[in-house]
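K.L.:
Below is the structure I would like to discuss, written out as structure tokens.
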Amino acid sequence: THFGFERIKAHEKNEKVREVFDSVSSTYDIMNDAMSFGVHRLWKDIFIQRLGPTQGTRLLDVAGGTGDIAFRFLKYLKNKECSENNALGVKSNVTVCDINEAMLNVGRSRSKSLSWIDSSDISWVQGDAEKLPLNSDSYCAYTIAFGIRNVTHIERVLEEAYRVLKPGGRFMCLEFSHVHNPYLQWLYDQYSFQIIPVMGQVIAGEWKPYQYLVESIRQFPNQEDFKHMIQCAGFQHITHENLSFGVVAIHSAFKL
Ligand code: SAM
């Protein structure tokens, strides 16, 4: 392979992932728009619509990076509040947990620049998805968007998600997945392997992190295999929905 990520050991993968996100944190948001032609915004919007939070929801957004999911969650509830009567004034909040302090710092400063956000609605916590520094049975919902493929042990992340959710809580994951149509797959491969690293070099001045990105997408389990892993962690009512022909998928499950 170009970057040899699949041959490296677990602790080395952690270190590599840290380096990758340290180096991309400042250009992360711009690159997301460029590589997906802005479509990642729609995928994230749909993700929050599917979650459909209600007032009072306590959300944990793991691998939350620069805050995209957290901001959408708060915005969704704010819009909802305008159309509904939240007479009891129930407060929702979101905890963003990420292993990388540089990504969290970008998120913190973005949240300060958004005037409609009340800083008490978001907590930023540095921590590993495989060993969350958070109490058991404490969240109504757990989200992880474009994060789980970066971790070393997916099964540990799922077990931790199960642990921190309250009974009845919902797990939702947005992640790159597998395109089943061979023609589309071919096109997608050309784009991923030929164009994305070049874009990385031109826009962000580095191609290696973007080569890593493409490889990590290929190695992530397909829709059905991932469903099986979620089931093994103890979750029930597991469903998935493909977006953009399976370029990404939303998996949903409940702790019952
Ligand atoms: N969720 C955000 C979004 O959708 O824009 C950020 C996604 S970004 C591609 C992946 C994030 O996962 C990075 O911020 C990285 O630091 C974080 N990450 C990687 N490994 C992690 C781990 N073991 N625990 C927590 N976060 C991790």
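Following the order of the structure tokens, chains are lettered A, B, ..., residues in each are numbered from 1, and ligands are numbered from 1.
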Could you please extract the residues within 9 Å of ligand 1, counting only C-alpha atoms and all ligand atoms, and hand them back as a VMD selection string?
P.N.:
chain A and resid 14 17 to 18 20 to 22 25 28 to 29 32 40 44 61 to 70 97 to 104 126 to 132 143 to 153 157 174 to 175 213
K.L.:
Just to be explicit: take each residue in the selection above, keep N, CA and C atoms, and write the result as a short mmCIF file (atom, residue, chain, number, x, y, z; two decimals), in the first residue's frame.
P.N.:
```cif
data_model
loop_
_atom_site.label_atom_id
_atom_site.label_comp_id
_atom_site.auth_asym_id
_atom_site.auth_seq_id
_atom_site.Cartn_x
_atom_site.Cartn_y
_atom_site.Cartn_z
N ASN A 14 -2.67 4.38 16.87
CA ASN A 14 -3.10 5.51 17.71
C ASN A 14 -2.25 6.73 17.46
N VAL A 17 -2.84 8.19 13.97
CA VAL A 17 -4.12 8.91 13.88
C VAL A 17 -3.98 10.27 14.55
N ARG A 18 -3.25 10.30 15.66
CA ARG A 18 -3.05 11.57 16.35
C ARG A 18 -2.28 12.54 15.45
N VAL A 20 -2.05 12.48 12.20
CA VAL A 20 -2.88 12.88 11.06
C VAL A 20 -3.78 14.04 11.46
N PHE A 21 -4.50 13.91 12.59
CA PHE A 21 -5.44 14.96 12.95
C PHE A 21 -4.77 16.21 13.52
N ASP A 22 -3.57 16.05 14.08
CA ASP A 22 -2.81 17.24 14.46
C ASP A 22 -2.50 18.05 13.21
N SER A 25 -5.88 19.58 11.46
CA SER A 25 -6.95 20.29 12.20
C SER A 25 -7.28 21.67 11.62
N TYR A 28 -9.04 21.15 8.27
CA TYR A 28 -10.00 20.04 8.26
C TYR A 28 -11.34 20.42 7.62
N ASP A 29 -11.89 21.56 8.05
CA ASP A 29 -13.22 21.94 7.57
C ASP A 29 -13.22 22.27 6.07
N ASN A 32 -12.90 19.01 4.03
CA ASN A 32 -14.16 18.26 3.99
C ASN A 32 -15.07 18.77 2.90
N HIS A 40 -20.84 16.50 2.50
CA HIS A 40 -20.77 16.04 3.90
C HIS A 40 -21.71 16.84 4.79
N LYS A 44 -24.51 15.08 7.18
CA LYS A 44 -24.61 15.38 8.62
C LYS A 44 -26.00 15.92 8.98
N ASP A 61 -21.32 13.20 21.69
CA ASP A 61 -20.80 13.07 20.32
C ASP A 61 -19.33 12.71 20.39
N VAL A 62 -19.03 11.47 20.08
CA VAL A 62 -17.66 10.97 20.20
C VAL A 62 -16.91 11.16 18.88
N ALA A 63 -15.61 11.39 19.00
CA ALA A 63 -14.78 11.75 17.84
C ALA A 63 -15.38 13.00 17.19
N GLY A 64 -15.87 13.87 18.04
CA GLY A 64 -16.65 15.04 17.60
C GLY A 64 -15.84 16.14 16.94
N GLY A 65 -14.51 16.02 17.01
CA GLY A 65 -13.62 16.92 16.27
C GLY A 65 -13.96 18.39 16.42
N THR A 66 -14.24 19.02 15.28
CA THR A 66 -14.42 20.47 15.28
C THR A 66 -15.89 20.88 15.51
N GLY A 67 -16.72 19.94 15.91
CA GLY A 67 -18.05 20.29 16.41
C GLY A 67 -19.22 20.23 15.43
N ASP A 68 -19.00 19.75 14.21
CA ASP A 68 -20.08 19.75 13.21
C ASP A 68 -21.37 19.10 13.70
N ILE A 69 -21.27 17.96 14.34
CA ILE A 69 -22.49 17.25 14.77
C ILE A 69 -23.12 17.98 15.95
N ALA A 70 -22.29 18.42 16.90
CA ALA A 70 -22.81 19.12 18.08
C ALA A 70 -23.56 20.39 17.66
N CYS A 97 -16.61 14.65 22.68
CA CYS A 97 -15.40 13.97 23.17
C CYS A 97 -14.52 13.63 21.97
N ASP A 98 -13.27 13.99 22.05
CA ASP A 98 -12.33 13.67 20.97
C ASP A 98 -10.95 13.43 21.58
N ILE A 99 -10.19 12.59 20.95
CA ILE A 99 -8.87 12.25 21.49
C ILE A 99 -7.87 13.36 21.21
N ASN A 100 -8.20 14.23 20.26
CA ASN A 100 -7.23 15.20 19.78
C ASN A 100 -7.54 16.63 20.23
N GLU A 101 -6.65 17.17 21.05
CA GLU A 101 -6.86 18.51 21.61
C GLU A 101 -6.88 19.58 20.51
N ALA A 102 -6.09 19.39 19.46
CA ALA A 102 -6.04 20.41 18.38
C ALA A 102 -7.40 20.51 17.68
N MET A 103 -8.04 19.36 17.44
CA MET A 103 -9.36 19.36 16.81
C MET A 103 -10.38 20.03 17.75
N LEU A 104 -10.31 19.69 19.04
CA LEU A 104 -11.24 20.29 20.01
C LEU A 104 -11.06 21.81 20.09
N GLN A 126 -11.57 15.89 26.35
CA GLN A 126 -10.55 15.13 25.63
C GLN A 126 -10.57 13.69 26.15
N GLY A 127 -10.70 12.73 25.25
CA GLY A 127 -10.74 11.35 25.71
C GLY A 127 -10.78 10.37 24.56
N ASP A 128 -10.45 9.13 24.88
CA ASP A 128 -10.37 8.07 23.89
C ASP A 128 -11.70 7.33 23.82
N ALA A 129 -12.23 7.18 22.61
CA ALA A 129 -13.50 6.47 22.41
C ALA A 129 -13.44 5.03 22.92
N GLU A 130 -12.24 4.48 23.02
CA GLU A 130 -12.10 3.10 23.49
C GLU A 130 -12.14 3.01 25.01
N LYS A 131 -12.00 4.16 25.67
CA LYS A 131 -12.00 4.17 27.13
C LYS A 131 -12.50 5.54 27.56
N LEU A 132 -13.78 5.73 27.46
CA LEU A 132 -14.35 7.07 27.68
C LEU A 132 -14.22 7.50 29.14
N THR A 143 -23.55 9.70 19.43
CA THR A 143 -23.29 9.77 17.99
C THR A 143 -21.79 9.68 17.74
N ILE A 144 -21.45 9.14 16.59
CA ILE A 144 -20.05 9.13 16.16
C ILE A 144 -20.08 9.27 14.64
N ALA A 145 -19.49 10.36 14.14
CA ALA A 145 -19.55 10.64 12.70
C ALA A 145 -18.14 10.67 12.13
N PHE A 146 -17.89 9.83 11.17
CA PHE A 146 -16.59 9.75 10.50
C PHE A 146 -15.46 9.60 11.51
N GLY A 147 -15.74 8.86 12.57
CA GLY A 147 -14.74 8.72 13.63
C GLY A 147 -14.37 7.27 13.88
N ILE A 148 -15.33 6.36 13.75
CA ILE A 148 -15.08 5.01 14.23
C ILE A 148 -14.06 4.26 13.37
N ARG A 149 -13.92 4.66 12.11
CA ARG A 149 -12.94 3.94 11.28
C ARG A 149 -11.51 4.31 11.66
N ASN A 150 -11.34 5.36 12.44
CA ASN A 150 -9.98 5.74 12.84
C ASN A 150 -9.48 5.02 14.08
N VAL A 151 -10.38 4.34 14.79
CA VAL A 151 -9.96 3.76 16.06
C VAL A 151 -9.28 2.42 15.84
N THR A 152 -8.56 1.96 16.87
CA THR A 152 -7.82 0.71 16.73
C THR A 152 -8.72 -0.50 16.96
N HIS A 153 -9.60 -0.41 17.98
CA HIS A 153 -10.47 -1.55 18.27
C HIS A 153 -11.92 -1.09 18.21
N VAL A 157 -14.91 0.39 21.19
CA VAL A 157 -15.67 1.64 21.07
C VAL A 157 -17.16 1.34 21.22
N LEU A 174 -22.41 7.60 11.73
CA LEU A 174 -22.33 8.03 10.33
C LEU A 174 -20.91 7.73 9.88
N GLU A 175 -20.79 6.91 8.85
CA GLU A 175 -19.43 6.52 8.45
C GLU A 175 -19.37 6.17 6.97
N LEU A 213 -6.65 8.58 4.70
CA LEU A 213 -8.11 8.68 4.73
C LEU A 213 -8.73 7.66 3.78
#
```
K.L.:
Out of segment 14-87 of chain A, which residues get alpha helix (DSSP H) from DSSP, as a CSV table (one decimal) with C-alpha atoms, in the first residue's frame?
P.N.:
```
chain,number,residue,atom,x,y,z
A,14,ASN,CA,-3.1,5.5,17.7
A,15,GLU,CA,0.0,7.6,17.3
A,16,LYS,CA,-0.5,7.9,13.5
A,17,VAL,CA,-4.1,8.9,13.9
A,18,ARG,CA,-3.0,11.6,16.4
A,19,GLU,CA,-0.4,12.9,13.9
A,20,VAL,CA,-2.9,12.9,11.1
A,21,PHE,CA,-5.4,15.0,12.9
A,22,ASP,CA,-2.8,17.2,14.5
A,23,SER,CA,-1.6,18.0,11.0
A,24,VAL,CA,-5.0,18.5,9.4
A,28,TYR,CA,-10.0,20.0,8.3
A,29,ASP,CA,-13.2,21.9,7.6
A,30,ILE,CA,-12.1,23.3,4.2
A,31,MET,CA,-10.9,19.9,3.1
A,32,ASN,CA,-14.2,18.3,4.0
A,33,ASP,CA,-16.0,20.7,1.8
A,34,ALA,CA,-13.5,20.3,-1.1
A,35,MET,CA,-13.4,16.5,-1.1
A,36,SER,CA,-17.1,15.9,-0.8
A,39,VAL,CA,-22.1,17.0,0.4
A,40,HIS,CA,-20.8,16.0,3.9
A,41,ARG,CA,-22.9,18.9,5.2
A,42,LEU,CA,-26.0,17.2,3.8
A,43,TRP,CA,-25.0,13.8,5.2
A,44,LYS,CA,-24.6,15.4,8.6
A,45,ASP,CA,-27.9,17.2,8.3
A,46,ILE,CA,-29.7,14.0,7.4
A,47,PHE,CA,-27.9,12.2,10.3
A,48,ILE,CA,-29.3,14.7,12.8
A,49,GLN,CA,-32.8,14.5,11.3
A,50,ARG,CA,-32.7,10.8,11.7
A,51,LEU,CA,-31.7,11.1,15.3
A,68,ASP,CA,-20.1,19.7,13.2
A,69,ILE,CA,-22.5,17.3,14.8
A,70,ALA,CA,-22.8,19.1,18.1
A,71,PHE,CA,-23.7,22.4,16.3
A,72,ARG,CA,-26.2,20.7,14.1
A,73,PHE,CA,-27.8,19.0,17.1
A,74,LEU,CA,-28.2,22.4,18.9
A,75,LYS,CA,-29.4,24.1,15.8
A,76,TYR,CA,-32.0,21.4,15.2
A,77,LEU,CA,-33.4,21.8,18.7
A,78,LYS,CA,-33.3,25.6,18.5
A,79,ASN,CA,-35.4,25.5,15.3
A,80,LYS,CA,-37.7,23.0,17.0
A,81,GLU,CA,-38.1,25.2,20.0
A,82,CYS,CA,-39.3,28.1,17.7
A,83,SER,CA,-42.1,25.9,16.3
```
K.L.:
For Arg218 of chain A, list every protein, DNA or RNA residue within 9 Å, evaluated using only C-alpha atoms, and leave out those in the same chain fewer than 3 positions away; present the list as a list of chain:residue names.
P.N.:
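Result of the neighbour search: A:Phe176, A:Ser177, A:His178, A:Leu213, A:Val214, A:Glu215, A:Pro221.
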K.L.:
Those residues you just picked out, can you put them in a file as a compact mmCIF listing (two decimals), in the first residue's frame with N, CA and C atoms?
P.N.:
```txt
# COMPACT_ATOMS: atom_id res chain seq x y z
N PHE A 176 -18.21 6.33 6.37
CA PHE A 176 -18.02 5.88 5.00
C PHE A 176 -18.28 4.38 4.97
N SER A 177 -18.89 3.93 3.86
CA SER A 177 -19.21 2.52 3.82
C SER A 177 -18.89 1.95 2.43
N HIS A 178 -19.64 0.96 2.00
CA HIS A 178 -19.27 0.29 0.75
C HIS A 178 -20.34 0.47 -0.33
N LEU A 213 -6.65 8.58 4.70
CA LEU A 213 -8.11 8.68 4.73
C LEU A 213 -8.73 7.66 3.78
N VAL A 214 -8.23 7.62 2.55
CA VAL A 214 -8.78 6.72 1.54
C VAL A 214 -8.59 5.26 1.97
N GLU A 215 -7.43 4.95 2.48
CA GLU A 215 -7.17 3.56 2.89
C GLU A 215 -8.03 3.15 4.08
N PRO A 221 -15.33 -2.17 7.88
CA PRO A 221 -16.28 -3.24 7.52
C PRO A 221 -17.49 -2.72 6.72
```
K.L.:
Give the answer as one residue: which of A:Gln231, A:Gln211, A:Ser120, A:Ser113 has the shortest atom-to-atom distance to Asn93 of chain A, using only C-alpha atoms?
P.N.:
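For Asn93 of chain A, the nearest of the candidates is A:Ser120.
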K.L.:
Which residues of segment 42-154 of chain A sit at most 6 Å from segment 158-166 of chain A, using only C-alpha atoms? Give each one's shortest atom pair and distance in Å (one decimal place), in chain and ascending residue order, as a Markdown table.
P.N.:
```
| residue | atom | partner | partner_atom | distance |
| --- | --- | --- | --- | --- |
| A:Ser136 | CA | A:Val164 | CA | 4.1 |
| A:Asp137 | CA | A:Lys166 | CA | 3.9 |
| A:Ser138 | CA | A:Lys166 | CA | 5.3 |
| A:Tyr139 | CA | A:Leu165 | CA | 4.7 |
| A:Cys140 | CA | A:Lys166 | CA | 5.9 |
```
K.L.:
Just checking: using only C-alpha atoms, which residue out of A:Arg170, A:Gly205, A:Pro197, A:Gln55 ends up closest to His251 of chain A?
P.N.:
A:Arg170
K.L.:
In terms of the shortest atom-to-atom distance over only C-alpha atoms, which of A:Glu84, A:Ile230, A:Gln223, A:Met199 is closest to Phe37 of chain A?
P.N.:
A:Met199
K.L.:
Applying 8 Å and only C-alpha atoms, which residues near segment 232-235 of chain A remain after dropping the ones on its own chain fewer than 3 positions away? List them as a ChimeraX atom specification.
P.N.:
/A:155,158-159,162,228-229,238,253-256
K.L.:
Quick check, in Å to one decimal: how far apart do atom CA of Thr95 of chain A and atom CA of Val125 of chain A lie?
P.N.:
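Atom CA of Thr95 of chain A sits 7.0 Å away from atom CA of Val125 of chain A.
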K.L.:
Report as a list in words: the residues of segment 91-143 of chain A with a DSSP assignment of strand (DSSP E or B), based on the backbone of this structure.
P.N.:
Asn93, Val94, Thr95, Val96, Cys97, Asp98, Ile122, Ser123, Trp124, Val125, Gln126, Asp128, Lys131, Tyr139, Cys140, Ala141, Tyr142 and Thr143 of chain A
K.L.:
Hey, can you spit out that residue selection with C-alpha atoms as a short mmCIF file (atom, residue, chain, number, x, y, z; two decimals), in the first residue's frame?
P.N.:
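For reference, again.cif as written:
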```cif
data_model
loop_
_atom_site.label_atom_id
_atom_site.label_comp_id
_atom_site.auth_asym_id
_atom_site.auth_seq_id
_atom_site.Cartn_x
_atom_site.Cartn_y
_atom_site.Cartn_z
CA ASN A 93 -26.84 19.58 26.05
CA VAL A 94 -24.06 17.94 24.15
CA THR A 95 -20.69 16.62 25.24
CA VAL A 96 -18.11 16.52 22.48
CA CYS A 97 -15.40 13.97 23.17
CA ASP A 98 -12.33 13.67 20.97
CA ILE A 122 -21.60 22.22 25.05
CA SER A 123 -18.84 20.54 27.02
CA TRP A 124 -15.57 19.68 25.31
CA VAL A 125 -13.83 16.63 26.71
CA GLN A 126 -10.55 15.13 25.63
CA ASP A 128 -10.37 8.07 23.89
CA LYS A 131 -12.00 4.17 27.13
CA TYR A 139 -26.59 9.73 27.93
CA CYS A 140 -29.82 9.56 25.93
CA ALA A 141 -27.95 9.37 22.65
CA TYR A 142 -24.45 8.62 21.41
CA THR A 143 -23.29 9.77 17.99
#
```
K.L.:
Hey, which of A:Leu134, A:Asn105, A:Asp121, A:Trp207 ends up closest to Ile195 of chain A? Count only C-alpha atoms.
P.N.:
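Counting only C-alpha atoms, the residue closest to Ile195 of chain A is A:Trp207.
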